[in-house]
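Below is the file coords_0.tsv, which contains TSV, C-alpha atoms and all ligand atoms.
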chain	number	residue	atom	x	y	z
A	486	MET	CA	18.25	16.08	-11.77
A	487	THR	CA	16.05	19.06	-12.54
A	488	ALA	CA	15.08	20.38	-15.93
A	489	PRO	CA	17.23	23.19	-17.32
A	490	ALA	CA	15.75	26.61	-16.56
A	491	ASP	CA	12.77	26.49	-18.81
A	492	ARG	CA	11.44	29.88	-19.84
A	493	ASP	CA	9.26	28.42	-22.57
A	494	ILE	CA	6.04	30.42	-22.72
A	495	ARG	CA	4.04	27.18	-22.97
A	496	ASN	CA	4.66	26.63	-19.26
A	497	LEU	CA	2.07	29.36	-18.60
A	498	SER	CA	-1.64	28.84	-18.20
A	499	PHE	CA	-4.03	31.36	-19.72
A	500	ASP	CA	-4.39	33.04	-16.33
A	501	GLY	CA	-0.63	33.02	-15.79
A	502	LEU	CA	-0.10	34.74	-19.11
A	503	THR	CA	-2.81	37.30	-18.38
A	504	GLU	CA	-1.11	38.08	-15.09
A	505	TYR	CA	2.23	38.59	-16.79
A	506	LEU	CA	0.66	40.93	-19.35
A	507	THR	CA	-0.99	42.97	-16.62
A	508	GLN	CA	2.35	43.29	-14.85
A	509	ILE	CA	3.96	44.77	-17.95
A	510	ASP	CA	1.03	47.14	-18.52
A	511	GLU	CA	-0.36	45.33	-21.52
A	512	LYS	CA	-4.05	44.75	-22.07
A	513	PRO	CA	-5.18	41.37	-20.72
A	514	PHE	CA	-6.96	40.52	-24.02
A	515	ARG	CA	-3.54	40.08	-25.58
A	516	ALA	CA	-3.44	36.71	-23.80
A	517	GLN	CA	-6.21	35.51	-26.10
A	518	GLN	CA	-4.24	36.62	-29.16
A	519	ILE	CA	-1.03	35.03	-27.95
A	520	PHE	CA	-2.84	31.75	-27.21
A	521	GLU	CA	-4.26	31.78	-30.73
A	522	TRP	CA	-0.78	32.17	-32.18
A	523	LEU	CA	0.63	29.47	-29.95
A	524	TYR	CA	-2.08	26.84	-30.09
A	525	GLN	CA	-4.21	27.41	-33.17
A	526	LYS	CA	-1.75	28.89	-35.62
A	527	GLN	CA	1.27	27.22	-34.05
A	528	VAL	CA	3.83	29.93	-34.76
A	529	THR	CA	7.44	29.01	-34.06
A	530	ASP	CA	8.68	32.43	-32.93
A	531	PHE	CA	7.35	35.58	-31.32
A	532	ASP	CA	8.00	37.62	-34.43
A	533	GLY	CA	5.30	35.66	-36.21
A	534	MET	CA	2.63	37.02	-33.83
A	535	LYS	CA	1.61	39.65	-36.33
A	536	ASN	CA	-1.25	41.38	-34.53
A	537	LEU	CA	0.94	42.26	-31.52
A	538	SER	CA	2.94	45.47	-31.38
A	539	ARG	CA	6.63	45.20	-32.16
A	540	GLU	CA	7.36	46.28	-28.63
A	541	LEU	CA	5.31	43.49	-27.09
A	542	ARG	CA	6.82	40.90	-29.43
A	543	GLN	CA	10.25	42.06	-28.33
A	544	LYS	CA	9.34	41.89	-24.68
A	545	LEU	CA	8.00	38.38	-25.10
A	546	ALA	CA	11.17	37.30	-26.87
A	547	GLU	CA	13.31	38.74	-24.08
A	548	HIS	CA	11.31	37.16	-21.32
A	549	PHE	CA	10.32	33.81	-22.83
A	550	THR	CA	11.47	31.16	-25.25
A	551	LEU	CA	9.55	28.93	-27.64
A	552	ASN	CA	11.77	25.88	-27.88
A	553	PRO	CA	11.13	23.50	-30.74
A	554	LEU	CA	11.71	19.79	-30.16
A	555	THR	CA	14.53	18.40	-32.25
A	556	VAL	CA	13.50	15.27	-34.12
A	557	ASP	CA	16.30	12.72	-33.83
A	558	LYS	CA	14.42	9.96	-35.53
A	559	HIS	CA	11.02	9.50	-37.15
A	560	GLU	CA	9.91	5.96	-37.90
A	561	VAL	CA	6.65	4.74	-39.38
A	562	SER	CA	5.37	1.25	-38.77
A	563	SER	CA	3.70	-0.93	-41.40
A	564	ASP	CA	0.42	-0.34	-39.50
A	565	GLY	CA	0.74	3.46	-39.81
A	566	THR	CA	1.90	4.09	-36.23
A	567	ALA	CA	4.58	6.79	-36.11
A	568	LYS	CA	7.28	7.04	-33.47
A	569	PHE	CA	9.37	10.13	-32.81
A	570	LEU	CA	12.60	10.24	-30.88
A	571	PHE	CA	13.03	13.82	-29.68
A	572	GLU	CA	16.09	15.50	-28.27
A	573	LEU	CA	15.46	18.08	-25.55
A	574	SER	CA	17.50	21.24	-24.95
A	575	ASP	CA	19.81	19.44	-22.48
A	576	LYS	CA	20.28	16.47	-24.87
A	577	GLU	CA	17.88	14.23	-22.97
A	578	LYS	CA	15.85	11.99	-25.28
A	579	ILE	CA	12.21	11.02	-25.15
A	580	GLU	CA	9.81	9.15	-27.41
A	581	THR	CA	6.30	10.03	-28.54
A	582	VAL	CA	3.97	7.81	-30.55
A	583	LEU	CA	1.12	8.73	-32.89
A	584	ILE	CA	-1.43	5.99	-33.47
A	585	PRO	CA	-4.04	6.23	-36.24
A	586	THR	CA	-7.03	3.88	-36.08
A	587	PRO	CA	-10.21	3.86	-38.18
A	588	THR	CA	-12.06	5.84	-35.49
A	589	ARG	CA	-9.50	8.07	-33.79
A	590	THR	CA	-5.95	9.40	-33.82
A	591	THR	CA	-4.20	9.01	-30.48
A	592	ALA	CA	-0.94	10.48	-29.21
A	593	CYS	CA	1.01	8.57	-26.57
A	594	ILE	CA	2.94	11.19	-24.60
A	595	SER	CA	6.00	10.90	-22.31
A	596	THR	CA	6.13	12.69	-18.97
A	597	GLN	CA	9.68	11.96	-17.77
A	598	ALA	CA	13.11	11.34	-19.27
A	599	GLY	CA	13.47	7.76	-18.12
A	600	CYS	CA	11.53	6.12	-15.33
A	601	LYS	CA	12.40	5.24	-11.73
A	602	PHE	CA	9.76	2.57	-11.15
A	603	GLY	CA	11.62	-0.35	-12.71
A	604	CYS	CA	8.69	-2.61	-13.69
A	605	ARG	CA	10.15	-5.97	-14.63
A	606	PHE	CA	8.71	-6.13	-18.11
A	607	CYS	CA	9.06	-2.55	-19.35
A	608	ALA	CA	11.87	-1.02	-21.44
A	609	SER	CA	11.29	2.53	-20.17
A	610	GLY	CA	12.82	1.91	-16.74
A	611	ILE	CA	15.92	0.06	-17.88
A	612	GLY	CA	18.15	3.11	-18.20
A	613	GLY	CA	16.86	4.62	-14.94
A	614	TRP	CA	15.32	8.04	-14.40
A	615	ASN	CA	16.94	11.33	-15.36
A	616	ARG	CA	14.38	14.07	-14.86
A	617	ASN	CA	10.82	15.28	-15.07
A	618	LEU	CA	9.64	16.93	-18.26
A	619	THR	CA	8.42	20.51	-17.99
A	620	CYS	CA	4.88	21.43	-18.93
A	621	ALA	CA	6.18	22.99	-22.17
A	622	GLU	CA	8.07	19.80	-23.10
A	623	ILE	CA	4.88	17.80	-22.62
A	624	ILE	CA	2.87	20.34	-24.65
A	625	SER	CA	5.39	20.49	-27.47
A	626	GLN	CA	5.18	16.72	-27.95
A	627	VAL	CA	1.42	17.11	-28.37
A	628	GLN	CA	1.83	20.01	-30.79
A	629	HIS	CA	4.42	18.18	-32.85
A	630	VAL	CA	2.26	15.11	-33.40
A	631	GLN	CA	-0.83	17.24	-33.86
A	632	ALA	CA	0.86	18.90	-36.83
A	633	GLU	CA	1.97	15.48	-38.10
A	634	ALA	CA	-1.59	14.14	-37.82
A	635	ARG	CA	-2.71	16.68	-40.43
A	636	ASN	CA	-1.33	14.19	-42.97
A	637	PHE	CA	-3.60	11.50	-41.54
A	638	GLU	CA	-7.21	10.83	-42.32
A	639	ARG	CA	-8.28	12.06	-38.86
A	640	PRO	CA	-6.89	14.91	-36.80
A	641	LEU	CA	-5.42	14.25	-33.39
A	642	SER	CA	-8.36	13.45	-31.11
A	643	HIS	CA	-7.07	11.53	-28.08
A	644	ILE	CA	-4.17	11.84	-25.67
A	645	VAL	CA	-2.85	9.01	-23.52
A	646	PHE	CA	-0.12	9.61	-20.95
A	647	MET	CA	1.35	6.18	-21.55
A	648	GLY	CA	4.75	7.09	-22.93
A	649	ILE	CA	8.01	7.07	-21.00
A	650	GLY	CA	7.83	7.80	-17.27
A	651	GLU	CA	5.26	7.81	-14.52
A	652	PRO	CA	2.82	10.72	-14.97
A	653	MET	CA	1.84	10.77	-11.29
A	654	ASP	CA	5.50	11.21	-10.35
A	655	ASN	CA	5.48	14.52	-12.25
A	656	PHE	CA	2.07	15.54	-11.04
A	657	GLU	CA	2.29	19.32	-11.09
A	658	ASN	CA	3.61	19.62	-14.64
A	659	LEU	CA	1.25	16.89	-15.78
A	660	MET	CA	-1.77	18.79	-14.47
A	661	LYS	CA	-0.58	22.07	-15.96
A	662	ALA	CA	-0.18	20.37	-19.33
A	663	ILE	CA	-3.56	18.63	-19.09
A	664	ARG	CA	-5.28	21.94	-18.42
A	665	LEU	CA	-3.63	23.51	-21.47
A	666	ILE	CA	-4.52	20.52	-23.62
A	667	ASN	CA	-8.11	20.72	-22.40
A	668	ASP	CA	-8.44	24.57	-22.48
A	669	HIS	CA	-10.67	25.66	-25.39
A	670	ARG	CA	-8.28	28.57	-25.96
A	671	GLY	CA	-5.37	26.11	-25.87
A	672	ILE	CA	-5.13	22.75	-27.64
A	673	ASN	CA	-8.83	22.11	-26.99
A	674	ILE	CA	-9.14	18.35	-26.55
A	675	GLY	CA	-12.05	17.18	-24.37
A	676	ALA	CA	-11.20	15.87	-20.89
A	677	ARG	CA	-12.79	12.50	-21.62
A	678	ARG	CA	-10.36	12.05	-24.46
A	679	ILE	CA	-7.38	12.41	-22.16
A	680	THR	CA	-6.17	9.35	-20.23
A	681	VAL	CA	-3.63	9.26	-17.43
A	682	SER	CA	-2.07	5.87	-16.77
A	683	THR	CA	-0.30	5.08	-13.51
A	684	CYS	CA	1.67	2.19	-12.11
A	685	GLY	CA	-0.21	2.77	-8.85
A	686	VAL	CA	0.99	5.84	-6.95
A	687	VAL	CA	-1.91	5.69	-4.51
A	688	PRO	CA	-1.91	9.20	-2.96
A	689	LYS	CA	-1.83	10.79	-6.40
A	690	ILE	CA	-4.85	8.79	-7.55
A	691	LEU	CA	-6.85	10.45	-4.79
A	692	GLU	CA	-5.36	13.84	-5.63
A	693	LEU	CA	-6.26	13.41	-9.30
A	694	GLY	CA	-9.85	12.81	-8.26
A	695	GLN	CA	-9.89	16.17	-6.51
A	696	GLN	CA	-8.75	18.18	-9.54
A	697	GLY	CA	-12.28	18.79	-10.83
A	698	ILE	CA	-11.48	17.62	-14.36
A	699	GLN	CA	-13.13	14.55	-15.82
A	700	ILE	CA	-10.16	12.85	-17.41
A	701	GLU	CA	-9.89	9.07	-17.73
A	702	LEU	CA	-7.81	7.05	-15.30
A	703	ALA	CA	-6.03	3.82	-16.22
A	704	ILE	CA	-4.24	1.68	-13.66
A	705	SER	CA	-1.37	-0.59	-14.68
A	706	LEU	CA	-2.28	-3.53	-12.47
A	707	HIS	CA	-0.46	-6.48	-14.04
A	708	GLY	CA	-0.44	-8.55	-10.84
A	709	TYR	CA	-3.50	-10.32	-9.45
A	710	ASP	CA	-2.56	-10.20	-5.75
A	711	ASN	CA	0.08	-8.72	-3.51
A	712	GLU	CA	2.64	-11.42	-4.11
A	713	SER	CA	2.43	-11.58	-7.89
A	714	ARG	CA	2.44	-7.78	-8.14
A	715	ASN	CA	5.49	-7.53	-5.85
A	716	VAL	CA	7.46	-9.68	-8.26
A	717	LEU	CA	6.55	-7.63	-11.34
A	718	MET	CA	6.29	-4.09	-10.00
A	719	PRO	CA	8.56	-2.80	-7.22
A	720	VAL	CA	6.08	0.08	-6.62
A	721	ASN	CA	3.82	-2.50	-5.00
A	722	LYS	CA	6.12	-2.68	-1.98
A	723	ARG	CA	5.38	0.99	-1.30
A	724	TYR	CA	1.70	0.93	-2.28
A	725	PRO	CA	0.43	-2.63	-1.84
A	726	PHE	CA	-2.20	-4.29	-3.99
A	727	ASP	CA	-5.06	-3.97	-1.49
A	728	ASP	CA	-4.41	-0.26	-0.91
A	729	LEU	CA	-4.40	0.32	-4.65
A	730	ILE	CA	-7.72	-1.45	-5.16
A	731	GLU	CA	-9.16	0.46	-2.19
A	732	ALA	CA	-8.01	3.77	-3.73
A	733	CYS	CA	-9.70	2.77	-6.98
A	734	ARG	CA	-12.94	1.98	-5.13
A	735	ASN	CA	-12.86	5.39	-3.46
A	736	TYR	CA	-12.06	7.15	-6.71
A	737	GLN	CA	-14.87	5.40	-8.48
A	738	GLN	CA	-17.44	5.98	-5.74
A	739	ASN	CA	-16.54	9.59	-5.05
A	740	TYR	CA	-16.20	10.70	-8.64
A	741	ARG	CA	-18.52	8.23	-10.36
A	742	ARG	CA	-15.87	7.45	-12.93
A	743	GLN	CA	-15.20	4.08	-14.46
A	744	ILE	CA	-11.64	2.88	-14.08
A	745	THR	CA	-9.69	0.96	-16.69
A	746	PHE	CA	-7.20	-1.63	-15.50
A	747	GLU	CA	-4.35	-2.49	-17.80
A	748	TYR	CA	-3.20	-6.02	-17.35
A	749	ILE	CA	-0.28	-7.61	-19.17
A	750	LEU	CA	-0.70	-11.15	-20.40
A	751	ILE	CA	2.57	-12.94	-19.72
A	752	LYS	CA	2.71	-16.67	-20.34
A	753	ASP	CA	2.63	-18.72	-17.13
A	754	VAL	CA	2.88	-15.56	-15.03
A	755	THR	CA	-0.26	-13.44	-15.18
A	756	CYS	CA	-2.92	-15.54	-16.89
A	757	SER	CA	-3.29	-18.63	-14.72
A	758	ASP	CA	-6.47	-19.97	-13.11
A	759	GLU	CA	-5.14	-18.69	-9.82
A	760	ALA	CA	-5.04	-15.20	-11.36
A	761	ILE	CA	-8.69	-15.45	-12.41
A	762	GLN	CA	-9.81	-16.43	-8.91
A	763	ALA	CA	-7.80	-13.63	-7.29
A	764	LEU	CA	-9.05	-10.99	-9.73
A	765	LYS	CA	-12.66	-12.03	-9.18
A	766	LYS	CA	-12.17	-11.52	-5.48
A	767	ALA	CA	-10.37	-8.19	-5.81
A	768	PHE	CA	-12.85	-6.67	-8.26
A	769	LYS	CA	-16.04	-7.60	-6.41
A	770	GLY	CA	-18.42	-4.64	-6.63
A	771	LEU	CA	-15.98	-2.48	-8.59
A	772	ILE	CA	-17.22	-1.06	-11.89
A	773	CYS	CA	-14.26	-1.35	-14.21
A	774	LYS	CA	-12.98	-2.29	-17.61
A	775	MET	CA	-9.97	-4.48	-18.22
A	776	ASN	CA	-7.60	-3.81	-21.01
A	777	LEU	CA	-5.56	-6.95	-21.54
A	778	ILE	CA	-2.17	-6.20	-23.12
A	779	PRO	CA	-0.33	-9.07	-24.77
A	780	TYR	CA	3.26	-8.89	-23.49
A	781	ASN	CA	5.45	-7.12	-26.04
A	782	PRO	CA	8.96	-8.52	-26.11
A	783	VAL	CA	11.69	-6.47	-24.43
A	784	LYS	CA	15.10	-8.06	-24.89
A	785	GLU	CA	16.26	-7.53	-21.30
A	786	PHE	CA	13.45	-9.72	-19.90
A	787	ASP	CA	12.78	-13.33	-20.73
A	788	HIS	CA	8.98	-13.35	-20.52
A	789	GLN	CA	6.87	-15.00	-23.20
A	790	THR	CA	3.65	-13.85	-24.85
A	791	PRO	CA	0.84	-16.40	-24.37
A	792	SER	CA	-0.76	-18.02	-27.41
A	793	ARG	CA	-3.92	-16.45	-28.84
A	794	THR	CA	-5.94	-19.36	-27.47
A	795	GLU	CA	-4.59	-18.78	-23.97
A	796	MET	CA	-5.30	-15.06	-24.17
A	797	PHE	CA	-8.87	-15.50	-25.39
A	798	ARG	CA	-9.50	-18.16	-22.77
A	799	PHE	CA	-8.36	-15.77	-20.05
A	800	ARG	CA	-10.55	-13.00	-21.42
A	801	GLY	CA	-13.52	-15.37	-21.61
A	802	GLN	CA	-13.07	-16.32	-17.97
A	803	LEU	CA	-13.09	-12.69	-16.91
A	804	GLN	CA	-16.15	-11.99	-19.00
A	805	ASP	CA	-17.98	-14.97	-17.49
A	806	PHE	CA	-17.56	-13.24	-14.19
A	807	GLY	CA	-19.01	-10.00	-15.62
A	808	ILE	CA	-15.76	-8.11	-16.05
A	809	HIS	CA	-15.70	-6.21	-19.32
A	810	ALA	CA	-12.35	-7.21	-20.86
A	811	THR	CA	-10.79	-6.44	-24.22
A	812	ILE	CA	-7.47	-7.50	-25.68
A	813	ARG	CA	-5.40	-4.55	-26.89
A	814	THR	CA	-4.02	-4.91	-30.39
A	815	PRO	CA	-0.34	-4.04	-30.27
A	816	ARG	CA	0.52	-1.12	-32.54
A	817	GLY	CA	3.84	-0.34	-34.14
A	818	LYS	CA	5.59	-3.47	-32.86
A	819	ASP	CA	7.93	-3.55	-35.85
A	820	ILE	CA	9.39	-0.20	-34.82
A	821	ASN	CA	9.42	-0.95	-31.07
A	822	SER	CA	6.68	1.52	-30.35
A	823	ALA	CA	4.20	-0.83	-28.72
A	824	CYS	CA	3.37	-0.64	-24.97
A	825	GLY	CA	6.43	-1.05	-22.83
A	826	GLN	CA	8.89	-0.81	-25.69
A	827	LEU	CA	9.70	2.91	-25.45
A	828	ARG	CA	13.13	3.88	-24.19
A	829	HIS	CA	14.87	7.16	-23.62
A	830	SER	CA	18.23	6.34	-25.08
B	1	LIG	N1	4.07	4.62	-15.88
B	1	LIG	C1	2.71	4.64	-16.35
B	1	LIG	C2	2.63	5.06	-17.79
B	1	LIG	C3	3.20	4.10	-18.78
B	1	LIG	S1	1.90	3.34	-19.60
B	1	LIG	C4	2.07	3.28	-16.11
B	1	LIG	O1	2.77	2.38	-15.68
B	1	LIG	O2	0.88	3.16	-16.29
B	1	LIG	C5	2.62	2.06	-20.46
B	1	LIG	C6	1.78	0.80	-20.37
B	1	LIG	O3	2.46	-0.27	-21.05
B	1	LIG	C7	1.64	0.37	-18.93
B	1	LIG	O4	0.40	-0.21	-18.69
B	1	LIG	C8	2.75	-0.65	-18.85
B	1	LIG	O5	2.61	-1.47	-17.77
B	1	LIG	C9	2.60	-1.35	-20.18
B	1	LIG	N2	3.79	-2.14	-20.52
B	1	LIG	C10	5.04	-1.96	-20.08
B	1	LIG	N3	5.86	-2.89	-20.60
B	1	LIG	C11	5.12	-3.67	-21.39
B	1	LIG	C12	5.40	-4.80	-22.23
B	1	LIG	N4	6.63	-5.29	-22.33
B	1	LIG	N5	4.38	-5.35	-22.91
B	1	LIG	C13	3.13	-4.83	-22.83
B	1	LIG	N6	2.80	-3.77	-22.06
B	1	LIG	C14	3.77	-3.19	-21.35
Re-express the file's structure as structure tokens.
Amino acid sequence: MTAPADRDIRNLSFDGLTEYLTQIDEKPFRAQQIFEWLYQKQVTDFDGMKNLSRELRQKLAEHFTLNPLTVDKHEVSSDGTAKFLFELSDKEKIETVLIPTPTRTTACISTQAGCKFGCRFCASGIGGWNRNLTCAEIISQVQHVQAEARNFERPLSHIVFMGIGEPMDNFENLMKAIRLINDHRGINIGARRITVSTCGVVPKILELGQQGIQIELAISLHGYDNESRNVLMPVNKRYPFDDLIEACRNYQQNYRRQITFEYILIKDVTCSDEAIQALKKAFKGLICKMNLIPYNPVKEFDHQTPSRTEMFRFRGQLQDFGIHATIRTPRGKDINSACGQLRHS
């Protein structure tokens, strides 16, 4: 399914907007003013763009839209994490999470309505995949939580594409949105504060490297060899474990960027001694960080979370080998907003 015709002006880059203005015989500097209204002052309609002529405002309103997201539900966890269920113009639903910590405020953004990758531990793929989000739908999630974060101690500072969907499967819109988020005339968040997480779409990892923007890359690894990854993540049949690690090596060597591996800790499945040995072998010579994620319960799967002792033992074993590993504290578990618990319906 494709997105409904989306004329939202936030699908345009700064250059795209300048081009449009030139076509309608307007001065190109108007793009700067319109961007200020959209991204700094966050107006909700074209009429609010007070320093534009009435004629231009009318033209913009005829040509473009500025669709707000409808909030279907807003929940706040006991740890301060906020989750929003948004309804899109075609009634599709997506979730966005805002996570305050003592040092940063992070937004976890969705890129698709549903997910087609069907990882066997994640709630986001259970209802299947419906469609890609447009650039404007990605941007409006960021803007919505950015406004919300004004009530927090710290403004929105970090973006992680770890919500519903596979970012690399919506590559074009993802990159458009990232450029607007990063643009100093746009949302203005530094590239190093933007993380894209992928389940391992190998060709897109290489393409991301070529984009000339220094964003962070996280790989959802979760298996320790081809066999274990096949069981947990069907994408591994298409892009096998060794090819994925090879792509990460290339990415790291060519672009001198450290890669973060996300690795779920599932009792008796991913944190065995066998796993340690296999990971040591796979990671030889690779500069990386490991983010260990305690499995968050999803009712459709019957995995168990390991005990704290088991998790710390596993981390210790990785560290003994020189792999920098941290255990991620789950956030917003009481409102089902922790990793892997987001759903689109
Ligand atoms: N599709 C992308 C973006 C989603 S990121 C990707 O796979 O990277 C969401 C992160 O949460 C991924 O690392 C995912 O594997 C992890 N996750 C999914 N289900 C989980 C669960 N039940 N418990 C803990 N982490 C989970």
List every residue of chain A that has an atom at most 6 Å from any atom of ligand LIG 1 (chain B), and for each one report the closest atom pair and its distance in Å to one decimal, counting all atoms listed in the file, with rows sorted by chain and then by increasing residue number, as a tab-separated table.
residue	atom	partner	partner_atom	distance
A:Phe606	CA	B:LIG1	N4	4.8
A:Cys607	CA	B:LIG1	N3	3.5
A:Met647	CA	B:LIG1	S1	3.5
A:Gly648	CA	B:LIG1	C3	5.3
A:Gly650	CA	B:LIG1	N1	5.1
A:Glu651	CA	B:LIG1	N1	3.7
A:Ser682	CA	B:LIG1	O2	4.0
A:Thr683	CA	B:LIG1	O2	3.6
A:Cys684	CA	B:LIG1	O1	3.7
A:Ile704	CA	B:LIG1	O2	5.9
A:Ser705	CA	B:LIG1	O4	4.4
A:Glu747	CA	B:LIG1	O4	5.3
A:Ile749	CA	B:LIG1	N6	5.7
A:Ile778	CA	B:LIG1	C13	5.5
A:Pro779	CA	B:LIG1	C13	5.8
A:Tyr780	CA	B:LIG1	N5	3.8
A:Asn781	CA	B:LIG1	N5	3.8
A:Pro782	CA	B:LIG1	N4	5.5
A:Val783	CA	B:LIG1	N4	5.6
A:Cys824	CA	B:LIG1	O3	4.0
A:Gly825	CA	B:LIG1	N3	2.9
Lys526 of chain A: which residues within 12 Å, counting all atoms listed in the file, same-chain residues fewer than 2 positions away excluded, as a CSV table (one decimal) with C-alpha atoms, in the coordinates of the input?
chain,number,residue,atom,x,y,z
A,518,GLN,CA,-4.2,36.6,-29.2
A,519,ILE,CA,-1.0,35.0,-28.0
A,520,PHE,CA,-2.8,31.8,-27.2
A,521,GLU,CA,-4.3,31.8,-30.7
A,522,TRP,CA,-0.8,32.2,-32.2
A,523,LEU,CA,0.6,29.5,-30.0
A,524,TYR,CA,-2.1,26.8,-30.1
A,528,VAL,CA,3.8,29.9,-34.8
A,529,THR,CA,7.4,29.0,-34.1
A,530,ASP,CA,8.7,32.4,-32.9
A,533,GLY,CA,5.3,35.7,-36.2
A,534,MET,CA,2.6,37.0,-33.8
A,535,LYS,CA,1.6,39.6,-36.3
A,628,GLN,CA,1.8,20.0,-30.8
A,631,GLN,CA,-0.8,17.2,-33.9
A,632,ALA,CA,0.9,18.9,-36.8
A,670,ARG,CA,-8.3,28.6,-26.0
A,671,GLY,CA,-5.4,26.1,-25.9
A,672,ILE,CA,-5.1,22.8,-27.6
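Across the structure, atom CA of Asp668 of chain A and atom CA of Ile744 of chain A are spaced 23.5 Å apart.
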>> as number ranges by chain, please: the residues near Gly807 of chain A (cut-off 12 Å, only C-alpha atoms, same-chain neighbours under 4 positions excluded).
In response: A: 764-765, 768-775, 800-803
> Rounded to one decimal in Å, what is the spacing between atom CA of Ala567 of chain A and atom CA of Ile584 of chain A?
Replying inline: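 Here the two named atoms are 6.6 Å from each other.
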>> Residues within 7 Å of segment 715-726 of chain A, please, as an MDAnalysis selection string. Count only C-alpha atoms; anything in the same chain fewer than 2 positions from it doesn't count.
In response: chainID A and resid 602:605 686:687 710:713 728:730
>> So, with all atoms listed in the file as the atoms that count, which of A:Cys756, A:Leu570, A:Ile690, A:Val630 lies closest to Arg734 of chain A?
In response: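 Nearest to Arg734 of chain A: A:Ile690.
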Take every atom of segment 711-726 of chain A listed in the file, pad by 4 Å on each side, and give me the axis-aligned box centre and edge lengths in Å, one decimal, as JSON.
{"center_x": 3.2, "center_y": -5.3, "center_z": -6.3, "size_x": 18.8, "size_y": 20.6, "size_z": 18.0}
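The two atoms in question, atom CA of Arg515 of chain A and atom CA of Gln543 of chain A, are spaced 14.2 Å apart.
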>> Which residue is closest to Asn615 of chain A? Choose from A:Leu554, A:Arg664, A:Asn636, A:His829 and count all atoms listed in the file.
In response: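 Distance minimum relative to Asn615 of chain A lands on A:His829.
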Written record: segment 666-670 of chain A, all heavy atoms, as a PDB file, in the first residue's frame:
ATOM      1  N   ILE A 666      15.908  17.113   9.711  1.00  0.00           N
ATOM      2  CA  ILE A 666      16.142  17.132  11.161  1.00  0.00           C
ATOM      3  C   ILE A 666      17.511  17.755  11.439  1.00  0.00           C
ATOM      4  O   ILE A 666      17.704  18.510  12.382  1.00  0.00           O
ATOM      5  CB  ILE A 666      16.059  15.694  11.741  1.00  0.00           C
ATOM      6  CG1 ILE A 666      14.626  15.159  11.637  1.00  0.00           C
ATOM      7  CG2 ILE A 666      16.540  15.655  13.197  1.00  0.00           C
ATOM      8  CD1 ILE A 666      14.492  13.665  11.897  1.00  0.00           C
ATOM      9  N   ASN A 667      18.459  17.434  10.560  1.00  0.00           N
ATOM     10  CA  ASN A 667      19.833  17.901  10.748  1.00  0.00           C
ATOM     11  C   ASN A 667      20.033  19.352  10.262  1.00  0.00           C
ATOM     12  O   ASN A 667      20.866  20.080  10.794  1.00  0.00           O
ATOM     13  CB  ASN A 667      20.752  16.936   9.982  1.00  0.00           C
ATOM     14  CG  ASN A 667      22.215  17.270  10.146  1.00  0.00           C
ATOM     15  OD1 ASN A 667      22.965  17.315   9.176  1.00  0.00           O
ATOM     16  ND2 ASN A 667      22.643  17.511  11.355  1.00  0.00           N
ATOM     17  N   ASP A 668      19.272  19.794   9.282  1.00  0.00           N
ATOM     18  CA  ASP A 668      19.436  21.125   8.667  1.00  0.00           C
ATOM     19  C   ASP A 668      19.338  22.231   9.729  1.00  0.00           C
ATOM     20  O   ASP A 668      18.381  22.260  10.505  1.00  0.00           O
ATOM     21  CB  ASP A 668      18.317  21.311   7.607  1.00  0.00           C
ATOM     22  CG  ASP A 668      18.589  22.493   6.685  1.00  0.00           C
ATOM     23  OD1 ASP A 668      19.147  23.510   7.148  1.00  0.00           O
ATOM     24  OD2 ASP A 668      18.235  22.391   5.496  1.00  0.00           O
ATOM     25  N   HIS A 669      20.338  23.141   9.744  1.00  0.00           N
ATOM     26  CA  HIS A 669      20.303  24.198  10.765  1.00  0.00           C
ATOM     27  C   HIS A 669      19.116  25.133  10.561  1.00  0.00           C
ATOM     28  O   HIS A 669      18.678  25.809  11.476  1.00  0.00           O
ATOM     29  CB  HIS A 669      21.623  24.975  10.798  1.00  0.00           C
ATOM     30  CG  HIS A 669      21.893  25.732   9.539  1.00  0.00           C
ATOM     31  ND1 HIS A 669      22.436  25.139   8.419  1.00  0.00           N
ATOM     32  CD2 HIS A 669      21.671  27.026   9.207  1.00  0.00           C
ATOM     33  CE1 HIS A 669      22.533  26.043   7.461  1.00  0.00           C
ATOM     34  NE2 HIS A 669      22.078  27.196   7.911  1.00  0.00           N
ATOM     35  N   ARG A 670      18.585  25.170   9.334  1.00  0.00           N
ATOM     36  CA  ARG A 670      17.385  25.993   9.101  1.00  0.00           C
ATOM     37  C   ARG A 670      16.121  25.197   9.414  1.00  0.00           C
ATOM     38  O   ARG A 670      15.026  25.724   9.477  1.00  0.00           O
ATOM     39  CB  ARG A 670      17.334  26.436   7.633  1.00  0.00           C
ATOM     40  CG  ARG A 670      18.519  27.284   7.238  1.00  0.00           C
ATOM     41  CD  ARG A 670      18.758  27.224   5.750  1.00  0.00           C
ATOM     42  NE  ARG A 670      18.999  25.863   5.278  1.00  0.00           N
ATOM     43  CZ  ARG A 670      19.581  25.547   4.124  1.00  0.00           C
ATOM     44  NH1 ARG A 670      19.975  26.487   3.305  1.00  0.00           N
ATOM     45  NH2 ARG A 670      19.763  24.291   3.769  1.00  0.00           N
TER      46      ARG A 670
END
